[in-house]
file coords.pdb (PDB, C-alpha atoms, pLDDT in the B column)
ATOM      1  CA  MET A   1    -132.653 -84.403  82.736  1.00 56.00           C
ATOM      2  CA  THR A   2    -129.698 -81.993  82.472  1.00 58.00           C
ATOM      3  CA  GLY A   3    -126.822 -84.264  81.469  1.00 61.00           C
ATOM      4  CA  MET A   4    -125.388 -84.132  85.026  1.00 76.00           C
ATOM      5  CA  ASP A   5    -123.796 -87.223  86.521  1.00 84.00           C
ATOM      6  CA  THR A   6    -124.968 -88.622  89.838  1.00 89.00           C
ATOM      7  CA  ILE A   7    -122.169 -87.100  91.917  1.00 91.00           C
ATOM      8  CA  HIS A   8    -122.783 -83.589  90.595  1.00 92.00           C
ATOM      9  CA  LEU A   9    -126.528 -83.984  91.070  1.00 93.00           C
ATOM     10  CA  ILE A  10    -126.023 -85.013  94.710  1.00 94.00           C
ATOM     11  CA  LEU A  11    -123.706 -82.055  95.290  1.00 95.00           C
ATOM     12  CA  LEU A  12    -126.257 -79.712  93.693  1.00 96.00           C
ATOM     13  CA  PHE A  13    -128.998 -81.218  95.885  1.00 96.00           C
ATOM     14  CA  LEU A  14    -126.937 -80.562  99.019  1.00 96.00           C
ATOM     15  CA  ALA A  15    -126.009 -77.045  97.860  1.00 95.00           C
ATOM     16  CA  VAL A  16    -129.654 -76.114  97.224  1.00 96.00           C
ATOM     17  CA  GLY A  17    -130.609 -77.420 100.670  1.00 96.00           C
ATOM     18  CA  LEU A  18    -127.886 -75.297 102.254  1.00 93.00           C
ATOM     19  CA  ILE A  19    -128.913 -72.196 100.287  1.00 93.00           C
ATOM     20  CA  ALA A  20    -132.569 -72.693 101.294  1.00 93.00           C
ATOM     21  CA  PHE A  21    -131.506 -73.118 104.915  1.00 90.00           C
ATOM     22  CA  LEU A  22    -129.350 -69.975 104.969  1.00 85.00           C
ATOM     23  CA  TYR A  23    -131.768 -67.747 103.081  1.00 85.00           C
ATOM     24  CA  SER A  24    -134.844 -68.829 105.031  1.00 84.00           C
ATOM     25  CA  SER A  25    -132.963 -68.221 108.280  1.00 78.00           C
ATOM     26  CA  VAL A  26    -132.703 -64.542 107.340  1.00 71.00           C
ATOM     27  CA  GLY A  27    -136.215 -64.254 105.918  1.00 70.00           C
ATOM     28  CA  HIS A  28    -135.859 -64.931 102.183  1.00 82.00           C
ATOM     29  CA  ALA A  29    -136.779 -67.656  99.707  1.00 89.00           C
ATOM     30  CA  GLY A  30    -133.354 -67.928  98.058  1.00 89.00           C
ATOM     31  CA  ALA A  31    -133.956 -67.444  94.313  1.00 91.00           C
ATOM     32  CA  SER A  32    -130.712 -65.553  93.759  1.00 90.00           C
ATOM     33  CA  GLY A  33    -128.857 -68.237  95.714  1.00 91.00           C
ATOM     34  CA  TYR A  34    -130.355 -71.062  93.644  1.00 94.00           C
ATOM     35  CA  ILE A  35    -129.540 -69.183  90.447  1.00 93.00           C
ATOM     36  CA  ALA A  36    -125.963 -68.627  91.607  1.00 92.00           C
ATOM     37  CA  THR A  37    -125.529 -72.264  92.625  1.00 93.00           C
ATOM     38  CA  MET A  38    -126.912 -73.655  89.379  1.00 94.00           C
ATOM     39  CA  THR A  39    -124.767 -71.175  87.443  1.00 91.00           C
ATOM     40  CA  LEU A  40    -121.654 -72.438  89.200  1.00 92.00           C
ATOM     41  CA  PHE A  41    -122.688 -76.009  88.310  1.00 92.00           C
ATOM     42  CA  GLY A  42    -122.766 -74.979  84.660  1.00 90.00           C
ATOM     43  CA  LEU A  43    -126.511 -75.231  83.972  1.00 92.00           C
ATOM     44  CA  ALA A  44    -128.054 -73.216  81.144  1.00 88.00           C
ATOM     45  CA  PRO A  45    -129.963 -69.997  82.002  1.00 86.00           C
ATOM     46  CA  THR A  46    -133.043 -71.454  80.260  1.00 86.00           C
ATOM     47  CA  VAL A  47    -133.033 -74.316  82.800  1.00 91.00           C
ATOM     48  CA  ILE A  48    -132.053 -72.139  85.748  1.00 92.00           C
ATOM     49  CA  ARG A  49    -134.931 -69.648  85.478  1.00 92.00           C
ATOM     50  CA  PRO A  50    -137.928 -72.026  85.802  1.00 94.00           C
ATOM     51  CA  THR A  51    -136.111 -74.254  88.305  1.00 95.00           C
ATOM     52  CA  ALA A  52    -135.392 -71.265  90.554  1.00 95.00           C
ATOM     53  CA  LEU A  53    -139.073 -70.279  90.397  1.00 95.00           C
ATOM     54  CA  VAL A  54    -140.166 -73.772  91.483  1.00 96.00           C
ATOM     55  CA  LEU A  55    -137.788 -73.768  94.453  1.00 96.00           C
ATOM     56  CA  ASN A  56    -138.748 -70.198  95.315  1.00 94.00           C
ATOM     57  CA  ILE A  57    -142.447 -71.085  95.504  1.00 96.00           C
ATOM     58  CA  LEU A  58    -141.748 -73.886  97.960  1.00 95.00           C
ATOM     59  CA  VAL A  59    -139.504 -71.929 100.326  1.00 94.00           C
ATOM     60  CA  ALA A  60    -141.533 -68.703 100.094  1.00 93.00           C
ATOM     61  CA  SER A  61    -144.664 -70.593 101.142  1.00 93.00           C
ATOM     62  CA  ILE A  62    -142.855 -71.751 104.285  1.00 90.00           C
ATOM     63  CA  GLY A  63    -141.567 -68.245 105.041  1.00 86.00           C
ATOM     64  CA  THR A  64    -144.981 -66.681 104.424  1.00 88.00           C
ATOM     65  CA  PHE A  65    -146.600 -69.017 106.935  1.00 88.00           C
ATOM     66  CA  GLN A  66    -143.906 -68.408 109.555  1.00 84.00           C
ATOM     67  CA  PHE A  67    -144.105 -64.594 109.349  1.00 84.00           C
ATOM     68  CA  TRP A  68    -147.919 -64.624 109.230  1.00 88.00           C
ATOM     69  CA  ARG A  69    -148.030 -66.838 112.307  1.00 85.00           C
ATOM     70  CA  ALA A  70    -145.616 -64.489 114.094  1.00 81.00           C
ATOM     71  CA  GLY A  71    -147.954 -61.557 113.385  1.00 87.00           C
ATOM     72  CA  TYR A  72    -145.680 -59.452 111.166  1.00 86.00           C
ATOM     73  CA  PHE A  73    -147.689 -59.562 107.945  1.00 91.00           C
ATOM     74  CA  SER A  74    -149.572 -56.425 106.805  1.00 94.00           C
ATOM     75  CA  TRP A  75    -152.261 -56.898 104.161  1.00 95.00           C
ATOM     76  CA  LYS A  76    -152.661 -53.121 103.843  1.00 95.00           C
ATOM     77  CA  LEU A  77    -148.992 -52.776 102.863  1.00 96.00           C
ATOM     78  CA  PHE A  78    -148.932 -55.895 100.695  1.00 97.00           C
ATOM     79  CA  TRP A  79    -151.879 -55.613  98.313  1.00 97.00           C
ATOM     80  CA  PRO A  80    -150.942 -52.380  96.437  1.00 97.00           C
ATOM     81  CA  PHE A  81    -147.531 -53.856  95.564  1.00 97.00           C
ATOM     82  CA  ALA A  82    -149.076 -57.183  94.558  1.00 97.00           C
ATOM     83  CA  LEU A  83    -152.004 -55.822  92.515  1.00 97.00           C
ATOM     84  CA  LEU A  84    -150.199 -55.372  89.176  1.00 97.00           C
ATOM     85  CA  SER A  85    -147.091 -57.368  90.050  1.00 97.00           C
ATOM     86  CA  ILE A  86    -148.905 -60.679  89.482  1.00 97.00           C
ATOM     87  CA  PRO A  87    -149.949 -60.058  85.844  1.00 97.00           C
ATOM     88  CA  ALA A  88    -146.588 -58.351  85.219  1.00 97.00           C
ATOM     89  CA  ALA A  89    -144.730 -61.416  86.545  1.00 97.00           C
ATOM     90  CA  TYR A  90    -146.827 -63.594  84.242  1.00 97.00           C
ATOM     91  CA  VAL A  91    -145.775 -61.471  81.254  1.00 97.00           C
ATOM     92  CA  GLY A  92    -142.141 -61.590  82.356  1.00 95.00           C
ATOM     93  CA  GLY A  93    -142.286 -65.357  82.712  1.00 95.00           C
ATOM     94  CA  TYR A  94    -143.970 -65.709  79.320  1.00 95.00           C
ATOM     95  CA  LEU A  95    -141.232 -63.805  77.503  1.00 93.00           C
ATOM     96  CA  GLN A  96    -138.299 -65.868  76.287  1.00 88.00           C
ATOM     97  CA  PRO A  97    -135.303 -63.534  75.777  1.00 89.00           C
ATOM     98  CA  SER A  98    -132.194 -64.849  74.064  1.00 88.00           C
ATOM     99  CA  ALA A  99    -129.663 -66.765  76.154  1.00 84.00           C
ATOM    100  CA  SER A 100    -127.153 -63.889  75.973  1.00 88.00           C
ATOM    101  CA  VAL A 101    -129.708 -61.330  77.160  1.00 90.00           C
ATOM    102  CA  LEU A 102    -130.841 -63.668  79.928  1.00 89.00           C
ATOM    103  CA  ARG A 103    -127.240 -64.147  81.088  1.00 89.00           C
ATOM    104  CA  VAL A 104    -126.758 -60.380  81.386  1.00 91.00           C
ATOM    105  CA  LEU A 105    -130.075 -59.864  83.196  1.00 91.00           C
ATOM    106  CA  ILE A 106    -129.515 -62.677  85.682  1.00 92.00           C
ATOM    107  CA  GLY A 107    -125.861 -61.709  86.167  1.00 92.00           C
ATOM    108  CA  ALA A 108    -126.870 -58.146  86.999  1.00 92.00           C
ATOM    109  CA  VAL A 109    -129.495 -59.420  89.458  1.00 92.00           C
ATOM    110  CA  LEU A 110    -126.901 -61.590  91.206  1.00 92.00           C
ATOM    111  CA  LEU A 111    -124.478 -58.677  91.557  1.00 93.00           C
ATOM    112  CA  PHE A 112    -127.275 -56.471  92.895  1.00 90.00           C
ATOM    113  CA  SER A 113    -128.173 -59.201  95.391  1.00 88.00           C
ATOM    114  CA  ALA A 114    -124.560 -59.485  96.505  1.00 88.00           C
ATOM    115  CA  ALA A 115    -124.335 -55.738  97.090  1.00 87.00           C
ATOM    116  CA  ARG A 116    -127.594 -55.767  98.999  1.00 81.00           C
ATOM    117  CA  LEU A 117    -126.359 -58.505 101.349  1.00 80.00           C
ATOM    118  CA  VAL A 118    -123.128 -56.623 102.044  1.00 78.00           C
ATOM    119  CA  PHE A 119    -124.869 -53.287 102.663  1.00 77.00           C
ATOM    120  CA  ARG A 120    -127.883 -54.384 104.708  1.00 69.00           C
ATOM    121  CA  ARG A 121    -129.865 -51.467 106.068  1.00 63.00           C
ATOM    122  CA  SER A 122    -130.842 -51.265 109.732  1.00 71.00           C
ATOM    123  CA  ASP A 123    -134.417 -50.975 110.949  1.00 76.00           C
ATOM    124  CA  PRO A 124    -135.825 -47.480 110.182  1.00 80.00           C
ATOM    125  CA  PRO A 125    -136.856 -45.579 113.348  1.00 83.00           C
ATOM    126  CA  GLN A 126    -140.189 -44.504 111.846  1.00 87.00           C
ATOM    127  CA  THR A 127    -142.193 -45.696 108.865  1.00 91.00           C
ATOM    128  CA  VAL A 128    -144.741 -44.065 106.572  1.00 93.00           C
ATOM    129  CA  ALA A 129    -146.784 -46.182 104.154  1.00 90.00           C
ATOM    130  CA  PRO A 130    -146.306 -45.316 100.451  1.00 95.00           C
ATOM    131  CA  SER A 131    -149.125 -43.831  98.425  1.00 96.00           C
ATOM    132  CA  ARG A 132    -151.143 -46.392  96.504  1.00 96.00           C
ATOM    133  CA  PRO A 133    -150.134 -45.158  93.017  1.00 97.00           C
ATOM    134  CA  VAL A 134    -146.453 -45.372  93.959  1.00 97.00           C
ATOM    135  CA  ALA A 135    -146.816 -48.856  95.487  1.00 97.00           C
ATOM    136  CA  ILE A 136    -148.874 -50.175  92.558  1.00 97.00           C
ATOM    137  CA  SER A 137    -146.399 -48.814  89.988  1.00 97.00           C
ATOM    138  CA  ALA A 138    -143.373 -50.157  91.864  1.00 97.00           C
ATOM    139  CA  GLY A 139    -145.037 -53.543  92.261  1.00 97.00           C
ATOM    140  CA  ALA A 140    -145.706 -53.782  88.524  1.00 97.00           C
ATOM    141  CA  GLY A 141    -142.066 -53.128  87.671  1.00 96.00           C
ATOM    142  CA  LEU A 142    -140.751 -55.544  90.270  1.00 95.00           C
ATOM    143  CA  GLY A 143    -143.227 -58.226  89.213  1.00 96.00           C
ATOM    144  CA  PHE A 144    -142.135 -58.016  85.583  1.00 96.00           C
ATOM    145  CA  LEU A 145    -138.471 -58.232  86.556  1.00 92.00           C
ATOM    146  CA  SER A 146    -139.146 -61.190  88.852  1.00 93.00           C
ATOM    147  CA  GLY A 147    -140.837 -63.211  86.114  1.00 93.00           C
ATOM    148  CA  LEU A 148    -138.201 -62.329  83.539  1.00 92.00           C
ATOM    149  CA  THR A 149    -135.217 -63.314  85.691  1.00 91.00           C
ATOM    150  CA  GLY A 150    -136.647 -66.233  87.684  1.00 91.00           C
ATOM    151  CA  THR A 151    -136.615 -64.473  91.041  1.00 88.00           C
ATOM    152  CA  GLY A 152    -139.624 -63.613  93.145  1.00 88.00           C
ATOM    153  CA  GLY A 153    -138.875 -59.908  93.355  1.00 89.00           C
ATOM    154  CA  GLY A 154    -138.238 -59.920  97.086  1.00 87.00           C
ATOM    155  CA  ILE A 155    -134.574 -59.051  96.624  1.00 84.00           C
ATOM    156  CA  PHE A 156    -135.784 -55.729  95.197  1.00 87.00           C
ATOM    157  CA  LEU A 157    -138.900 -55.133  97.307  1.00 92.00           C
ATOM    158  CA  THR A 158    -137.271 -55.596 100.726  1.00 87.00           C
ATOM    159  CA  PRO A 159    -134.515 -52.978 100.234  1.00 86.00           C
ATOM    160  CA  LEU A 160    -137.046 -50.632  98.616  1.00 91.00           C
ATOM    161  CA  LEU A 161    -139.343 -50.867 101.661  1.00 91.00           C
ATOM    162  CA  LEU A 162    -136.439 -50.238 104.029  1.00 87.00           C
ATOM    163  CA  PHE A 163    -134.686 -47.533 101.998  1.00 86.00           C
ATOM    164  CA  CYS A 164    -137.911 -45.530 101.616  1.00 91.00           C
ATOM    165  CA  GLU A 165    -138.794 -46.212 105.270  1.00 91.00           C
ATOM    166  CA  TRP A 166    -142.114 -47.793 104.323  1.00 95.00           C
ATOM    167  CA  ALA A 167    -141.765 -50.752 106.707  1.00 92.00           C
ATOM    168  CA  HIS A 168    -139.707 -52.184 109.558  1.00 87.00           C
ATOM    169  CA  ILE A 169    -137.369 -55.099 108.825  1.00 82.00           C
ATOM    170  CA  ARG A 170    -139.632 -57.935 109.977  1.00 82.00           C
ATOM    171  CA  GLN A 171    -142.711 -56.412 108.368  1.00 88.00           C
ATOM    172  CA  ALA A 172    -140.748 -55.921 105.132  1.00 88.00           C
ATOM    173  CA  ALA A 173    -139.660 -59.556 105.256  1.00 85.00           C
ATOM    174  CA  ALA A 174    -143.233 -60.726 105.848  1.00 87.00           C
ATOM    175  CA  VAL A 175    -144.640 -58.682 102.950  1.00 93.00           C
ATOM    176  CA  SER A 176    -141.760 -59.714 100.686  1.00 91.00           C
ATOM    177  CA  ALA A 177    -142.271 -63.415 101.457  1.00 90.00           C
ATOM    178  CA  LEU A 178    -145.839 -63.402 100.121  1.00 94.00           C
ATOM    179  CA  PHE A 179    -144.810 -61.071  97.275  1.00 95.00           C
ATOM    180  CA  ILE A 180    -142.156 -63.629  96.291  1.00 94.00           C
ATOM    181  CA  TRP A 181    -144.683 -66.463  96.478  1.00 96.00           C
ATOM    182  CA  VAL A 182    -147.410 -64.926  94.303  1.00 96.00           C
ATOM    183  CA  ASN A 183    -144.966 -63.581  91.712  1.00 96.00           C
ATOM    184  CA  SER A 184    -143.010 -66.822  91.505  1.00 96.00           C
ATOM    185  CA  ILE A 185    -146.258 -68.669  90.785  1.00 97.00           C
ATOM    186  CA  ALA A 186    -147.301 -66.080  88.184  1.00 97.00           C
ATOM    187  CA  GLY A 187    -143.861 -66.166  86.546  1.00 96.00           C
ATOM    188  CA  LEU A 188    -143.838 -69.962  86.415  1.00 96.00           C
ATOM    189  CA  VAL A 189    -147.357 -70.069  84.943  1.00 96.00           C
ATOM    190  CA  GLY A 190    -146.284 -67.546  82.316  1.00 96.00           C
ATOM    191  CA  TYR A 191    -143.207 -69.615  81.494  1.00 94.00           C
ATOM    192  CA  PHE A 192    -145.256 -72.818  81.237  1.00 94.00           C
ATOM    193  CA  THR A 193    -147.840 -71.123  79.015  1.00 95.00           C
ATOM    194  CA  LYS A 194    -145.083 -70.293  76.536  1.00 92.00           C
ATOM    195  CA  VAL A 195    -142.862 -73.385  76.765  1.00 91.00           C
ATOM    196  CA  ARG A 196    -145.389 -76.038  77.853  1.00 87.00           C
ATOM    197  CA  SER A 197    -142.817 -77.822  79.977  1.00 88.00           C
ATOM    198  CA  ILE A 198    -140.893 -77.347  83.213  1.00 88.00           C
ATOM    199  CA  PRO A 199    -137.423 -78.856  83.741  1.00 89.00           C
ATOM    200  CA  SER A 200    -137.658 -81.984  85.892  1.00 90.00           C
ATOM    201  CA  LEU A 201    -134.643 -80.747  87.856  1.00 91.00           C
ATOM    202  CA  GLY A 202    -136.992 -78.578  89.931  1.00 91.00           C
ATOM    203  CA  LEU A 203    -138.851 -81.670  91.158  1.00 89.00           C
ATOM    204  CA  VAL A 204    -135.584 -83.409  92.028  1.00 91.00           C
ATOM    205  CA  LEU A 205    -134.333 -80.432  94.046  1.00 95.00           C
ATOM    206  CA  ALA A 206    -137.706 -79.714  95.691  1.00 96.00           C
ATOM    207  CA  ALA A 207    -137.034 -81.942  98.695  1.00 95.00           C
ATOM    208  CA  ALA A 208    -133.732 -80.185  99.406  1.00 96.00           C
ATOM    209  CA  ALA A 209    -135.407 -76.766  99.278  1.00 96.00           C
ATOM    210  CA  ILE A 210    -138.263 -77.847 101.544  1.00 95.00           C
ATOM    211  CA  ILE A 211    -136.002 -79.454 104.149  1.00 95.00           C
ATOM    212  CA  GLY A 212    -133.600 -76.508 104.152  1.00 94.00           C
ATOM    213  CA  GLY A 213    -136.445 -73.973 104.207  1.00 91.00           C
ATOM    214  CA  ILE A 214    -138.217 -75.594 107.149  1.00 90.00           C
ATOM    215  CA  ALA A 215    -135.032 -75.959 109.188  1.00 89.00           C
ATOM    216  CA  GLY A 216    -133.824 -72.433 108.448  1.00 84.00           C
ATOM    217  CA  SER A 217    -137.136 -70.730 109.117  1.00 81.00           C
ATOM    218  CA  HIS A 218    -137.546 -72.589 112.412  1.00 77.00           C
ATOM    219  CA  LEU A 219    -134.113 -71.647 113.710  1.00 75.00           C
ATOM    220  CA  GLY A 220    -134.450 -68.050 112.562  1.00 65.00           C
ATOM    221  CA  SER A 221    -131.846 -65.425 111.916  1.00 51.00           C
ATOM    222  CA  ARG A 222    -131.404 -64.565 115.610  1.00 55.00           C
ATOM    223  CA  ARG A 223    -129.617 -67.874 116.115  1.00 60.00           C
ATOM    224  CA  PHE A 224    -126.892 -67.059 113.605  1.00 58.00           C
ATOM    225  CA  ALA A 225    -124.257 -64.414 113.004  1.00 61.00           C
ATOM    226  CA  VAL A 226    -126.305 -62.768 110.260  1.00 62.00           C
ATOM    227  CA  ARG A 227    -123.432 -60.619 109.022  1.00 69.00           C
ATOM    228  CA  VAL A 228    -121.268 -63.692 108.459  1.00 72.00           C
ATOM    229  CA  ILE A 229    -124.042 -65.434 106.514  1.00 69.00           C
ATOM    230  CA  SER A 230    -124.603 -62.284 104.459  1.00 74.00           C
ATOM    231  CA  PHE A 231    -120.958 -62.076 103.448  1.00 79.00           C
ATOM    232  CA  LEU A 232    -120.786 -65.780 102.593  1.00 76.00           C
ATOM    233  CA  LEU A 233    -123.900 -65.555 100.425  1.00 77.00           C
ATOM    234  CA  ALA A 234    -122.663 -62.329  98.856  1.00 85.00           C
ATOM    235  CA  THR A 235    -119.410 -64.067  97.863  1.00 87.00           C
ATOM    236  CA  VAL A 236    -121.295 -66.886  96.125  1.00 83.00           C
ATOM    237  CA  LEU A 237    -123.551 -64.403  94.323  1.00 89.00           C
ATOM    238  CA  LEU A 238    -120.592 -62.270  93.258  1.00 91.00           C
ATOM    239  CA  ILE A 239    -118.700 -65.224  91.786  1.00 89.00           C
ATOM    240  CA  ALA A 240    -121.777 -66.520  89.944  1.00 90.00           C
ATOM    241  CA  GLY A 241    -122.732 -63.059  88.672  1.00 90.00           C
ATOM    242  CA  MET A 242    -119.230 -62.465  87.322  1.00 91.00           C
ATOM    243  CA  LYS A 243    -119.271 -65.926  85.736  1.00 87.00           C
ATOM    244  CA  LEU A 244    -122.481 -65.152  83.882  1.00 87.00           C
ATOM    245  CA  LEU A 245    -121.415 -61.706  82.750  1.00 88.00           C
ATOM    246  CA  PHE A 246    -117.801 -62.345  81.797  1.00 85.00           C
ATOM    247  CA  THR A 247    -117.545 -65.974  80.689  1.00 76.00           C
ATOM    248  CA  LYS A 248    -119.167 -67.915  77.866  1.00 61.00           C
TER     249      LYS A 248
END

call {"tool": "encode", "arguments": {"input": "coords.pdb", "output": "structure tokens"}}
result
Amino acid sequence: MTGMDTIHLILLFLAVGLIAFLYSSVGHAGASGYIATMTLFGLAPTVIRPTALVLNILVASIGTFQFWRAGYFSWKLFWPFALLSIPAAYVGGYLQPSASVLRVLIGAVLLFSAARLVFRRSDPPQTVAPSRPVAISAGAGLGFLSGLTGTGGGIFLTPLLLFCEWAHIRQAAAVSALFIWVNSIAGLVGYFTKVRSIPSLGLVLAAAAIIGGIAGSHLGSRRFAVRVISFLLATVLLIAGMKLLFTK
């Protein structure tokens, strides 16, 4: 599968479950966390990218259902971002950059994710929906990046929605959850079209992601000290990002 021994595989299984639990408890699918964890376990970027997409699809589907059921999802806000992001994510997933380029891209994403967790923005007092051309263009760029790096794009869309005051926190999380889901699927399909195989590690870790995602999404972020979780996750992302960028 990956050359890992049983002990390391069990530890990775438990780590992925914990990441899924923590991320879903604060409204995310956890792609950057899975990438960071697999990086720290020494897996190759070419294995990490499709595996992260598989796990992302599973946890994002759980988060999408939870936020939709709670009434926070806005189709009007979602569809302009998703329109071109889906084909763009497919293209990003189809491309196979060199291992060195992929390491830099994923490392930069992890560092960005760490910074975002440390500097979380509060709920904007008022929101104004973006124009359709702006939303469609932004969605296309984020979709391409999500497919290329093995993330769902939510780590970029959520802060964009909040920074530009286009949505409140829970609405941003709801829109991002479905955005992550559709782009993770498109990115994985693009990857499979090119490579014609998906690492079996994703199937092995699927149960951990599902269990962690269900438990985390049920408990919800209000049950936890969100700032503490953010700093813990940011530390893991920072270490993994530095490992990718500055070690061989």

call {"tool": "closest_residue", "arguments": {"input": "coords.pdb", "among": "A:Val236, A:Phe192, A:Ser230, A:Thr247", "to": "Gly93 (chain A)", "atoms": "all atoms listed in the file"}}
result
A:Phe192

call {"tool": "closest_atom_pairs", "arguments": {"input": "coords.pdb", "of": "region 111-222 of chain A", "to": "region 45-49 of chain A", "cutoff": "8 Å", "atoms": "all atoms listed in the file", "output": "JSON lines"}}
result
{"residue": "A:Thr149", "atom": "CA", "partner": "A:Arg49", "partner_atom": "CA", "distance": 6.3}
{"residue": "A:Gly150", "atom": "CA", "partner": "A:Arg49", "partner_atom": "CA", "distance": 4.4}
{"residue": "A:Thr151", "atom": "CA", "partner": "A:Arg49", "partner_atom": "CA", "distance": 7.8}
{"residue": "A:Pro199", "atom": "CA", "partner": "A:Val47", "partner_atom": "CA", "distance": 6.4}

call {"tool": "write_last_selection", "arguments": {"input": "coords.pdb", "atoms": "C-alpha atoms", "output": "compact mmCIF listing (two decimals), in the coordinates of the input"}}
result
# COMPACT_ATOMS: atom_id res chain seq x y z
CA THR A 149 -135.22 -63.31 85.69
CA GLY A 150 -136.65 -66.23 87.68
CA THR A 151 -136.62 -64.47 91.04
CA PRO A 199 -137.42 -78.86 83.74

call {"tool": "atom_distance", "arguments": {"input": "coords.pdb", "atom1": "CA of Lys194 (chain A)", "atom2": "CA of Leu58 (chain A)"}}
result
22.0 Å

call {"tool": "closest_residue", "arguments": {"input": "coords.pdb", "among": "A:Gly30, A:Pro87, A:Gly139, A:Gly241", "to": "Val54 (chain A)", "atoms": "all atoms listed in the file"}}
result
A:Gly30

call {"tool": "closest_residue", "arguments": {"input": "coords.pdb", "among": "A:Ser176, A:Ala36, A:Thr6, A:Trp68", "to": "Ile19 (chain A)", "atoms": "all atoms listed in the file"}}
result
A:Ala36

call {"tool": "resolve_selection", "arguments": {"input": "coords.pdb", "expression": "the PyMOL selection byres ((chain A and resi 154-171) around 8)", "output": "mmCIF file with C-alpha atoms, in the coordinates of the input"}}
result
data_model
loop_
_atom_site.group_PDB
_atom_site.id
_atom_site.type_symbol
_atom_site.label_atom_id
_atom_site.label_comp_id
_atom_site.auth_asym_id
_atom_site.auth_seq_id
_atom_site.Cartn_x
_atom_site.Cartn_y
_atom_site.Cartn_z
ATOM 1 C CA HIS A 28 -135.859 -64.931 102.183
ATOM 2 C CA TYR A 72 -145.680 -59.452 111.166
ATOM 3 C CA PHE A 73 -147.689 -59.562 107.945
ATOM 4 C CA SER A 74 -149.572 -56.425 106.805
ATOM 5 C CA SER A 113 -128.173 -59.201 95.391
ATOM 6 C CA ARG A 116 -127.594 -55.767 98.999
ATOM 7 C CA ARG A 121 -129.865 -51.467 106.068
ATOM 8 C CA SER A 122 -130.842 -51.265 109.732
ATOM 9 C CA ASP A 123 -134.417 -50.975 110.949
ATOM 10 C CA PRO A 124 -135.825 -47.480 110.182
ATOM 11 C CA GLN A 126 -140.189 -44.504 111.846
ATOM 12 C CA THR A 127 -142.193 -45.696 108.865
ATOM 13 C CA VAL A 128 -144.741 -44.065 106.572
ATOM 14 C CA ALA A 129 -146.784 -46.182 104.154
ATOM 15 C CA PRO A 130 -146.306 -45.316 100.451
ATOM 16 C CA LEU A 142 -140.751 -55.544 90.270
ATOM 17 C CA THR A 151 -136.615 -64.473 91.041
ATOM 18 C CA GLY A 152 -139.624 -63.613 93.145
ATOM 19 C CA GLY A 153 -138.875 -59.908 93.355
ATOM 20 C CA ALA A 172 -140.748 -55.921 105.132
ATOM 21 C CA ALA A 173 -139.660 -59.556 105.256
ATOM 22 C CA ALA A 174 -143.233 -60.726 105.848
ATOM 23 C CA VAL A 175 -144.640 -58.682 102.950
ATOM 24 C CA SER A 176 -141.760 -59.714 100.686
ATOM 25 C CA ALA A 177 -142.271 -63.415 101.457
ATOM 26 C CA PHE A 179 -144.810 -61.071 97.275
ATOM 27 C CA ILE A 180 -142.156 -63.629 96.291
#

call {"tool": "atom_distance", "arguments": {"input": "coords.pdb", "atom1": "CA of Leu11 (chain A)", "atom2": "CA of Ser197 (chain A)"}}
result
24.9 Å

call {"tool": "closest_residue", "arguments": {"input": "coords.pdb", "among": "A:Val26, A:Leu14, A:Phe65, A:Phe231", "to": "Phe119 (chain A)", "atoms": "all atoms listed in the file"}}
result
A:Phe231

call {"tool": "atom_distance", "arguments": {"input": "coords.pdb", "atom1": "CA of Val91 (chain A)", "atom2": "CA of Gly147 (chain A)"}}
result
7.1 Å

call {"tool": "closest_residue", "arguments": {"input": "coords.pdb", "among": "A:Leu9, A:Leu55, A:Met38, A:Ala234", "to": "Gly202 (chain A)", "atoms": "all atoms listed in the file"}}
result
A:Leu55

call {"tool": "residues_near_point", "arguments": {"input": "coords.pdb", "point": "(-134.1, -75.8, 96.2)", "cutoff": "9 Å", "atoms": "all atoms listed in the file", "output": "list in words"}}
result
Phe13, Ala15, Val16, Gly17, Leu18, Ile19, Ala20, Gly30, Ala31, Tyr34, Thr51, Ala52, Val54, Leu55, Asn56, Leu58, Val59, Gly202, Val204, Leu205, Ala206, Ala207, Ala208, Ala209, Ile210, Ile211, Gly212 and Gly213 of chain A

call {"tool": "closest_residue", "arguments": {"input": "coords.pdb", "among": "A:Leu111, A:Ser85, A:Ile62, A:Gly92", "to": "Val189 (chain A)", "atoms": "all atoms listed in the file"}}
result
A:Gly92

call {"tool": "decode", "arguments": {"input": "coords.pdb", "residues": "region 27-33 of chain A", "atoms": "N, CA and C atoms", "output": "short mmCIF file (atom, residue, chain, number, x, y, z; two decimals), in the first residue's frame"}}
result
data_model
loop_
_atom_site.label_atom_id
_atom_site.label_comp_id
_atom_site.auth_asym_id
_atom_site.auth_seq_id
_atom_site.Cartn_x
_atom_site.Cartn_y
_atom_site.Cartn_z
N GLY A 27 -16.46 23.30 11.72
CA GLY A 27 -17.10 23.56 10.43
C GLY A 27 -16.27 23.35 9.20
N HIS A 28 -15.24 22.49 9.23
CA HIS A 28 -14.43 22.24 8.05
C HIS A 28 -14.24 20.75 7.80
N ALA A 29 -13.76 20.42 6.60
CA ALA A 29 -13.61 19.01 6.23
C ALA A 29 -12.25 18.44 6.60
N GLY A 30 -11.21 19.29 6.72
CA GLY A 30 -9.94 18.85 7.26
C GLY A 30 -8.84 18.53 6.27
N ALA A 31 -8.98 18.92 5.00
CA ALA A 31 -7.96 18.55 4.00
C ALA A 31 -6.56 18.96 4.41
N SER A 32 -6.40 20.21 4.86
CA SER A 32 -5.07 20.67 5.24
C SER A 32 -4.54 19.88 6.43
N GLY A 33 -5.43 19.46 7.32
CA GLY A 33 -5.01 18.64 8.46
C GLY A 33 -4.57 17.25 8.03
#
